[in-house]
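Read the structure below first, then the notes.
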Protein chains: 4
Amino acid sequence: MSNTRITLGMVGGGPTAFIGAVHRIAMRMDDRFQLVAGALDVDPDRGRAFAGTLGIAPDRAYATYREMIDKEALRPDRIDAVVIVTPNFLHFPIAKAALEAGFDVICEKPMTTTLEDAEALAALVETTGRRFVLTHTYTGYPMVRQAREMVAAGEIGKLRRVEVEYLQDWLAAPVENTGAEGAVWRTDPKQAGQGGAIGDVGTHAWNLAAFVAGEEPTHLLAELSTLVEGRRVDDDAAILMRYASGAKGSILASQVLPGNGNNVSLRIYGDKAGLEWRQESPEELWFTRLGEPRQMLRRNGAGATAAAVAGSRVPAAHPEGYLEAFANLYRDAADLIAGKAVTTMVPSARDGVSGSKFVQACLMSNGKGNVWVEIG
Amino acid sequence: MSNTRITLGMVGGGPTAFIGAVHRIAMRMDDRFQLVAGALDVDPDRGRAFAGTLGIAPDRAYATYREMIDKEALRPDRIDAVVIVTPNFLHFPIAKAALEAGFDVICEKPMTTTLEDAEALAALVETTGRRFVLTHTYTGYPMVRQAREMVAAGEIGKLRRVEVEYLQDWLAAPVENTGAEGAVWRTDPKQAGQGGAIGDVGTHAWNLAAFVAGEEPTHLLAELSTLVEGRRVDDDAAILMRYASGAKGSILASQVLPGNGNNVSLRIYGDKAGLEWRQESPEELWFTRLGEPRQMLRRNGAGATAAAVAGSRVPAAHPEGYLEAFANLYRDAADLIAGKAVTTMVPSARDGVSGSKFVQACLMSNGKGNVWVEIG
Amino acid sequence: MSNTRITLGMVGGGPTAFIGAVHRIAMRMDDRFQLVAGALDVDPDRGRAFAGTLGIAPDRAYATYREMIDKEALRPDRIDAVVIVTPNFLHFPIAKAALEAGFDVICEKPMTTTLEDAEALAALVETTGRRFVLTHTYTGYPMVRQAREMVAAGEIGKLRRVEVEYLQDWLAAPVENTGAEGAVWRTDPKQAGQGGAIGDVGTHAWNLAAFVAGEEPTHLLAELSTLVEGRRVDDDAAILMRYASGAKGSILASQVLPGNGNNVSLRIYGDKAGLEWRQESPEELWFTRLGEPRQMLRRNGAGATAAAVAGSRVPAAHPEGYLEAFANLYRDAADLIAGKAVTTMVPSARDGVSGSKFVQACLMSNGKGNVWVEIG
Amino acid sequence: MSNTRITLGMVGGGPTAFIGAVHRIAMRMDDRFQLVAGALDVDPDRGRAFAGTLGIAPDRAYATYREMIDKEALRPDRIDAVVIVTPNFLHFPIAKAALEAGFDVICEKPMTTTLEDAEALAALVETTGRRFVLTHTYTGYPMVRQAREMVAAGEIGKLRRVEVEYLQDWLAAPVENTGAEGAVWRTDPKQAGQGGAIGDVGTHAWNLAAFVAGEEPTHLLAELSTLVEGRRVDDDAAILMRYASGAKGSILASQVLPGNGNNVSLRIYGDKAGLEWRQESPEELWFTRLGEPRQMLRRNGAGATAAAVAGSRVPAAHPEGYLEAFANLYRDAADLIAGKAVTTMVPSARDGVSGSKFVQACLMSNGKGNVWVEIG
């Protein structure tokens, strides 16, 4: 029934913000949420006007996140959770305030811009007992979840190599100089955090690798580059990784390679088999057993694992995509917040800390001349 | 604002129905609708229980479509439109009743099971002045709309050949004998109408061909086959087509070919270029100019036409799919019903009549020994 | 040893002829042949000059095929076989003369331009006991041979549908009017035979369908079109087919669809599985068992059948292609001519007759208004 | 004419050797060579017997390379060039002996097993003035050559990143322990040289990167791994690279990743565009201009460069592959040896030295704990 929907208040996600719109579609997809409050824009008037178009009542369209948290905390019908879709540097203070006021949190990645903040936030999640969901999109794809389950079930054997790429080209030209949406704050260390590509897309790659492998590397060696002249942050990163087991891996994260739209790919190999997945064809997962014909596994098709079935809304061969993957994170969040699940596959504050450690380690390795550093 | 959402009452679409769930996701995607009433199941109790889980108030969970239409017609907050997602043979009486009661209609295809009914309904739409949307899913895909616009703009030159296939394998075995969901009524001529595959998937292919080509063939020659022994309807159809201009075409529609999930494809060629699209990779449209390198056009990417941009929610390379295509039909329906658009690309009752004429022509051609017949 | 190579005399295949060069590469690939004689060009001087560049001795560079056959017949070191790569209308008289003089024959398709000639030639092959190889290229591809073996082994179950396409675009414009190489004679009914596309590429499609299915349809219905205005032969053909078993099929053959280079494809479905192959990616064969994940079989890889292994020169993933497929026909021809094999997979005069019957049936069906006709 | 063919003597390439057979097919493809002498096997009797099947006269079937070089040097009809297809450790002494005796050389890669030997050999090539061709297969592919020409023509703009992979799985299990053909000597440092995967496939990747980019990196950082326990050489290598211009690159070379047959791929990006090529689909080259639709360039099709046309034997869409690529190296070798060309695209002794420097640098970087080292 309508009144069982989880109520949300959103911070950020104004009329021109890409990711805010994505969150709103994702939260609607399965009808488990209702967006009833918001501080949607740095410009309060614009934020309130936009809130109206979203069906948010005027008295719950707030000027600032502080106001939203304070006033909602006092309402009998207070929101259940806060959704954070602001530029990166605001994630921490908003999440902290929300948790301290007793709200659950759904937060865009990266969780924070520094490792200290990440650890502080994770500790706060622990002590408050609130639920905290970090929206690492790619872990919501059914075939990524299937890959994780297949690796865990031993289908690829002993881990040998994990290769993850996240390649884009939208920063291939110095678009920040012309004020391009999203490019300005993402290339400003003060707003985005110390890492550029390494934080913006590298952390997705890191998270995806760990999610599927079921383990994190212990050491990495990173080379961060700025391939567009004059840019203030790295826009390209190559990282080598070592696992405790002796397995190896690498991440290539770049935002300046023409022809790459949102080219996220994962390949993971063990001594028995390999799995290969590309975000731009997300319905397919190649499964390559040594000495056997290649198999193309399809979402919700033959050979689907439990999580792939659970993460599907329509049958195989009726393509699902990015928004459905995102909606799977919201579905998990709903289960968590509603108490229907204690743990899910959805990334948590621990993953946020892990991502921060990754960025930190990359910066350290790079700063020392691309040497191996221990992670975390 | 919430109260500007278009309100809907759904008929059919109970807890186990595939397409009803798809409609509900599609209507939520852009937050333009609210499902407030329903007669969701042949079993009224089950229907009411299910309505509750969808947030429909108990007094608007009806036992029959008749009850829903009669009672809603009397309410001051009466629904704006009726959504019909029942087995095929009920589409006509429900749509008729809804139109006569002054409701707009969003109806699953096929519009009716006979041509007379289709024509009667189209006439009724005309006389009542109500809006009528026929959910031919595949016309909602942005790259299908882009193909239509490119053909209309003369990009392929003078039309030569249109090839459409709709291949599945879910009826490859006689699953109706074991009571498989959806298979029983679809293979029962009384519930599905006279055509089997020709009606169920052939009409989609027909609609897709006409939508993109911008014209309909004048003649066809059809061979309908029943390749699974004992089945009471055709499950495979091969159709040749002729256009007034001299162009040719063909449709292959089959539900019994192993390895085909929901393999819808369109290829259209003129004297200057060709366009190729596959539903299972819906984000890509191949554009092949004679004597030039093949171009892969991507949704919302370089070379996108107006309709492709308008039909996109996220940037290129963030895959959209079947549910987003469906949601595009709902978005168009919202514009129509809200009076924000007079005409849209979304299929109408005229397309329903066209589909019926197609099925009729196929049956006639087949009955006479696979001869050419005029369509309509 | 060198002197154990089979010796060949070639008719046609002058300096600008595409297919003659292909035959020469194919015959060299496995070092089983030696080209020692030739009547390579309608212009005897040009033919002799070209023969010199191919290592043919001056006294075996003949002015006409007649001269070649007469003089070679008298030599103690006479050639073993005649290779015919002329325009179509000359295939018959040359082959006849060669067989009558006691030579084996390797002949480009189509075998003849009329059915009578085809039957006469097949009879002559029978009475003379000579070997006759018809170079239907596509049957030389290892994955096509694997498909044939898998069908024969029952891997797809009871046959349901065979779909073959042969699409090109090199005749998309009226290039014969500007004297384009190969286009002039191919669009001249006197030189090419009655069929245009139906003979030039349709017969390949027909042969491929029969080769893989292991059976020929009994009836067909054809629509032949001339989509380029002013052309004197058909350039586009759509054909429906029926098998004695109740299975269905279709062939689409066209040379005027922009974007199609040499787009030959075969799909064959039974009640248990399907097989899909495309000439432009010839190393892969999709095997789709009902209810199981799709398998991509690769040449000489896991799951390879005997013929696919035998038809491979290098390991899987080291691409072989068109020339190797052609060389497989020559390898088979070598085995036949050397008496190392009695029968092989390579097409024979019987296949030439079958191709003629196919063209004949298409012309008859088309002439009568696209009705079903019995084949042969 | 036959007597204008270049005559060859082969060392190695006995009845079970893979690469020897490839060389023989490649040399026959265009009829520019004749194999007239050989020392084909470590077992002289087996070598002589095999020579007979190849049409080599008994008196030119030698027991050892030494015998072949000495005796051929004295013949009036002495061979023009020596082809070396032995295990790696013999390349140097044979090539040296051949050059010193005045023969041209066609040599399998790697040129030598140490850098000293490579430099000595290159010097010898210089002083003797003989032609020396190193058969780095992948540079023979027309689309690789087209990529090189497009990069040189400025099509991708200022170089940003070069990514090359060479992945296989045939050493994924410890097959050398069971005596698998080729695996024993390749995993024996004495026969293969110090590098395992780095030498066997890494040098191909290195060569391919340099060939297409038109420049070599100045520094690299390598991590060599042995992922199959007990193996005596590296079987997996990840390498970061830096170019003088500031561009970056990486190579991944591994022979132990299940599902990779002969997965060679190249991606090269500049500030204007990218080019992407995969050996397993060698006919296609993706060309991705920033902000424009992706183009798929096809061998000998629209947009083909001079070298791609020259390297083609058949039209676009008639697939060529590995053997044709190899034959392009032989065609170039023929032009060089016949004096028809002074320089070609075919790799030379300089490339052999470069490959050795690469291996050397990888070993040094790895030995020092994966630090940056200068190359050469």
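Residues are referred to by chain and number: the chain letter is A, B, ... according to the order shown in the structure tokens, the number counts from 1 in that chain, and ligands are numbered separately from 1 in the order shown.
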
- Task: Using only C-alpha atoms, find the residues of chain B whose closest atom to chain C is at most 6 Å away, then write them as a list in words.
- Result: Leu257, Pro258, Gly259, Tyr269, Ala273, Gly274, Thr288 and Leu290 of chain B

Identify, on the basis of only C-alpha atoms, every residue whose closest approach to Glu284 in chain B does not exceed 8 Å; exclude the query and any residue fewer than 4 positions from it along the same chain; express the result as an mmCIF file with N, CA and C atoms, in the first residue's frame.
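Output saved as selection.cif:
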data_model
loop_
_atom_site.group_PDB
_atom_site.id
_atom_site.type_symbol
_atom_site.label_atom_id
_atom_site.label_comp_id
_atom_site.auth_asym_id
_atom_site.auth_seq_id
_atom_site.Cartn_x
_atom_site.Cartn_y
_atom_site.Cartn_z
ATOM 1 N N MET B 143 16.300 4.287 -31.066
ATOM 2 C CA MET B 143 16.979 4.073 -32.343
ATOM 3 C C MET B 143 15.999 3.649 -33.439
ATOM 4 N N TRP B 277 18.921 -2.644 -37.397
ATOM 5 C CA TRP B 277 18.684 -2.554 -35.949
ATOM 6 C C TRP B 277 18.260 -3.906 -35.393
ATOM 7 N N ARG B 278 18.753 -4.221 -34.210
ATOM 8 C CA ARG B 278 18.355 -5.461 -33.535
ATOM 9 C C ARG B 278 17.891 -5.151 -32.119
ATOM 10 N N MET B 296 28.300 3.166 -36.872
ATOM 11 C CA MET B 296 27.451 2.689 -35.792
ATOM 12 C C MET B 296 26.933 3.898 -35.015
ATOM 13 N N LEU B 297 25.656 4.153 -35.186
ATOM 14 C CA LEU B 297 25.027 5.259 -34.466
ATOM 15 C C LEU B 297 24.561 4.737 -33.114
ATOM 16 N N ARG B 298 24.769 5.549 -32.082
ATOM 17 C CA ARG B 298 24.359 5.122 -30.749
ATOM 18 C C ARG B 298 23.344 6.104 -30.165
ATOM 19 N N ARG B 299 22.439 5.540 -29.395
ATOM 20 C CA ARG B 299 21.388 6.340 -28.792
ATOM 21 C C ARG B 299 21.958 7.563 -28.097
#

- Item | Who sits within 6 Å of Ala192 in chain A, only C-alpha atoms, same chain under 4 positions skipped, as number ranges by chain | A: 88-89, 186, 188

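Non-sequential neighbours of Ala317 in chain D (distance at most 9 Å, separation of 6 or more positions within a chain, only C-alpha atoms) are Asn260, Gly261, Asn262, Asn263, Gln279 and Glu280 of chain C; Glu283, Arg298, Arg299, Asn300 and Gly301 of chain D.
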
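Residues lying within 8 Å of range 17-31 of chain A, counting only C-alpha atoms and ignoring same-chain neighbours fewer than 6 positions away, are Arg5, Val85, Leu323, Glu324, Phe326, Ala327, Asn328, Tyr330 and Arg331 of chain A; Ile25, Arg28, Met29, Asp30, Asp31 and Val314 of chain B.
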
The selected residues should be written to file as a PDB file, in the first residue's frame (atoms: C-alpha atoms).
ATOM      1  CA  ARG A   5       6.529   3.211   0.784  1.00  0.00           C
ATOM      2  CA  VAL A  85      23.531  13.515  -5.029  1.00  0.00           C
ATOM      3  CA  LEU A 323      18.543   2.446 -15.018  1.00  0.00           C
ATOM      4  CA  GLU A 324      17.481  -1.049 -14.047  1.00  0.00           C
ATOM      5  CA  PHE A 326      20.524   1.490 -10.542  1.00  0.00           C
ATOM      6  CA  ALA A 327      17.036   0.456  -9.531  1.00  0.00           C
ATOM      7  CA  ASN A 328      18.458  -2.790  -8.201  1.00  0.00           C
ATOM      8  CA  TYR A 330      17.369   1.010  -4.667  1.00  0.00           C
ATOM      9  CA  ARG A 331      15.530  -2.263  -4.363  1.00  0.00           C
TER      10      ARG A 331
ATOM     11  CA  ILE B  25       7.049   0.074 -14.460  1.00  0.00           C
ATOM     12  CA  ARG B  28       6.161   5.067 -13.184  1.00  0.00           C
ATOM     13  CA  MET B  29       9.409   5.766 -14.993  1.00  0.00           C
ATOM     14  CA  ASP B  30       8.757   9.452 -15.711  1.00  0.00           C
ATOM     15  CA  ASP B  31       6.300  10.079 -12.882  1.00  0.00           C
ATOM     16  CA  VAL B 314      20.605   8.974 -19.914  1.00  0.00           C
TER      17      VAL B 314
END

- Item | Sel. of strand (DSSP E or B) residues, range 109-315 of chain A, as a ChimeraX atom specification | /A:132-134,159-167,219-225,236-242,248-254,263-270,273-278,284-289,294-298

Could you pull the residues within 12 Å of Ala338 in chain A, counting only C-alpha atoms, minus those fewer than 3 positions along the same chain, as a PDB file with N, CA and C atoms, in the first residue's frame?
ATOM      1  N   THR A   4       3.074   2.298   2.803  1.00  0.00           N
ATOM      2  CA  THR A   4       4.221   1.486   3.209  1.00  0.00           C
ATOM      3  C   THR A   4       5.464   1.864   2.435  1.00  0.00           C
ATOM      4  N   ARG A   5       5.342   2.827   1.539  1.00  0.00           N
ATOM      5  CA  ARG A   5       6.529   3.211   0.784  1.00  0.00           C
ATOM      6  C   ARG A   5       7.507   3.950   1.686  1.00  0.00           C
ATOM      7  N   ILE A   6       8.783   3.722   1.404  1.00  0.00           N
ATOM      8  CA  ILE A   6       9.842   4.402   2.150  1.00  0.00           C
ATOM      9  C   ILE A   6       9.919   5.837   1.651  1.00  0.00           C
ATOM     10  N   THR A   7       9.968   6.767   2.592  1.00  0.00           N
ATOM     11  CA  THR A   7       9.983   8.181   2.184  1.00  0.00           C
ATOM     12  C   THR A   7      11.409   8.731   2.184  1.00  0.00           C
ATOM     13  N   ARG A  32       8.879   1.327  -4.436  1.00  0.00           N
ATOM     14  CA  ARG A  32       9.136   1.068  -3.016  1.00  0.00           C
ATOM     15  C   ARG A  32       9.411   2.368  -2.265  1.00  0.00           C
ATOM     16  N   PHE A  33       9.549   3.461  -3.008  1.00  0.00           N
ATOM     17  CA  PHE A  33       9.938   4.733  -2.388  1.00  0.00           C
ATOM     18  C   PHE A  33       8.982   5.855  -2.767  1.00  0.00           C
ATOM     19  N   ASP A  80      12.293   8.704   5.842  1.00  0.00           N
ATOM     20  CA  ASP A  80      13.058   7.559   6.324  1.00  0.00           C
ATOM     21  C   ASP A  80      14.540   7.698   6.020  1.00  0.00           C
ATOM     22  N   ALA A  81      14.806   8.282   4.859  1.00  0.00           N
ATOM     23  CA  ALA A  81      16.219   8.296   4.446  1.00  0.00           C
ATOM     24  C   ALA A  81      16.535   9.538   3.633  1.00  0.00           C
ATOM     25  N   ASP A 104      18.525   7.097   7.691  1.00  0.00           N
ATOM     26  CA  ASP A 104      19.318   6.242   6.821  1.00  0.00           C
ATOM     27  C   ASP A 104      19.807   7.085   5.653  1.00  0.00           C
ATOM     28  N   ARG A 130      22.567   3.081  11.669  1.00  0.00           N
ATOM     29  CA  ARG A 130      21.743   3.415  10.492  1.00  0.00           C
ATOM     30  C   ARG A 130      22.222   2.624   9.280  1.00  0.00           C
ATOM     31  N   ARG A 131      21.309   2.544   8.306  1.00  0.00           N
ATOM     32  CA  ARG A 131      21.702   1.886   7.035  1.00  0.00           C
ATOM     33  C   ARG A 131      22.331   2.924   6.124  1.00  0.00           C
ATOM     34  N   TYR A 330      18.471   0.466  -5.464  1.00  0.00           N
ATOM     35  CA  TYR A 330      17.369   1.010  -4.667  1.00  0.00           C
ATOM     36  C   TYR A 330      16.487  -0.092  -4.100  1.00  0.00           C
ATOM     37  N   ARG A 331      16.323  -1.137  -4.858  1.00  0.00           N
ATOM     38  CA  ARG A 331      15.530  -2.263  -4.363  1.00  0.00           C
ATOM     39  C   ARG A 331      16.203  -2.876  -3.126  1.00  0.00           C
ATOM     40  N   ASP A 332      17.514  -3.027  -3.229  1.00  0.00           N
ATOM     41  CA  ASP A 332      18.265  -3.541  -2.079  1.00  0.00           C
ATOM     42  C   ASP A 332      18.171  -2.575  -0.909  1.00  0.00           C
ATOM     43  N   ALA A 333      18.276  -1.288  -1.226  1.00  0.00           N
ATOM     44  CA  ALA A 333      18.182  -0.278  -0.171  1.00  0.00           C
ATOM     45  C   ALA A 333      16.826  -0.373   0.520  1.00  0.00           C
ATOM     46  N   ALA A 334      15.788  -0.611  -0.287  1.00  0.00           N
ATOM     47  CA  ALA A 334      14.450  -0.724   0.289  1.00  0.00           C
ATOM     48  C   ALA A 334      14.378  -1.909   1.253  1.00  0.00           C
ATOM     49  N   ASP A 335      14.952  -3.023   0.820  1.00  0.00           N
ATOM     50  CA  ASP A 335      14.939  -4.206   1.685  1.00  0.00           C
ATOM     51  C   ASP A 335      15.686  -3.943   2.985  1.00  0.00           C
ATOM     52  N   ALA A 341      15.882  -7.215   4.893  1.00  0.00           N
ATOM     53  CA  ALA A 341      17.166  -7.869   4.682  1.00  0.00           C
ATOM     54  C   ALA A 341      18.148  -7.266   5.663  1.00  0.00           C
ATOM     55  N   VAL A 342      19.088  -8.062   6.131  1.00  0.00           N
ATOM     56  CA  VAL A 342      20.099  -7.538   7.032  1.00  0.00           C
ATOM     57  C   VAL A 342      21.330  -7.149   6.222  1.00  0.00           C
ATOM     58  N   THR A 343      21.711  -8.045   5.331  1.00  0.00           N
ATOM     59  CA  THR A 343      22.809  -7.692   4.444  1.00  0.00           C
ATOM     60  C   THR A 343      22.352  -7.936   3.015  1.00  0.00           C
TER      61      THR A 343
END

- Message: Residues near Asp70 in chain C, anyone? I mean within 10 Å using only C-alpha atoms, not counting same-chain ones fewer than 4 positions away, as a ChimeraX atom specification.
- Response: /C:64-66,74-75,97-98,101

Can I get the selection written as a CSV table (one decimal), in the first residue's frame, with N, CA and C atoms?
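What ended up in again-v4.csv:
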chain,number,residue,atom,x,y,z
C,64,THR,N,43.1,-20.5,-77.5
C,64,THR,CA,41.7,-20.8,-77.1
C,64,THR,C,41.7,-22.1,-76.3
C,65,TYR,N,40.6,-22.3,-75.7
C,65,TYR,CA,40.4,-23.5,-74.9
C,65,TYR,C,40.5,-24.7,-75.8
C,66,ARG,N,39.9,-24.6,-77.0
C,66,ARG,CA,39.9,-25.6,-78.0
C,66,ARG,C,41.3,-26.1,-78.3
C,74,LEU,N,47.4,-34.5,-76.7
C,74,LEU,CA,48.4,-35.2,-77.5
C,74,LEU,C,49.8,-35.3,-76.8
C,75,ARG,N,49.9,-34.5,-75.7
C,75,ARG,CA,51.2,-34.5,-75.0
C,75,ARG,C,51.4,-35.7,-74.1
C,97,ALA,N,34.0,-30.2,-73.7
C,97,ALA,CA,35.2,-30.6,-74.5
C,97,ALA,C,36.3,-31.2,-73.7
C,98,ALA,N,36.4,-30.7,-72.5
C,98,ALA,CA,37.5,-31.2,-71.6
C,98,ALA,C,37.2,-32.7,-71.2
C,101,ALA,N,37.7,-35.1,-73.9
C,101,ALA,CA,39.1,-35.3,-74.2
C,101,ALA,C,39.7,-36.1,-73.1

- Task: Run DSSP on the backbone of this structure and report the residues of range 19-254 of chain C it assigns to alpha helix (DSSP H), as a ChimeraX atom specification.
- Result: /C:19-29,44-53,65-74,91-100,115-128,142-152,183-186,189-192,197,203-213
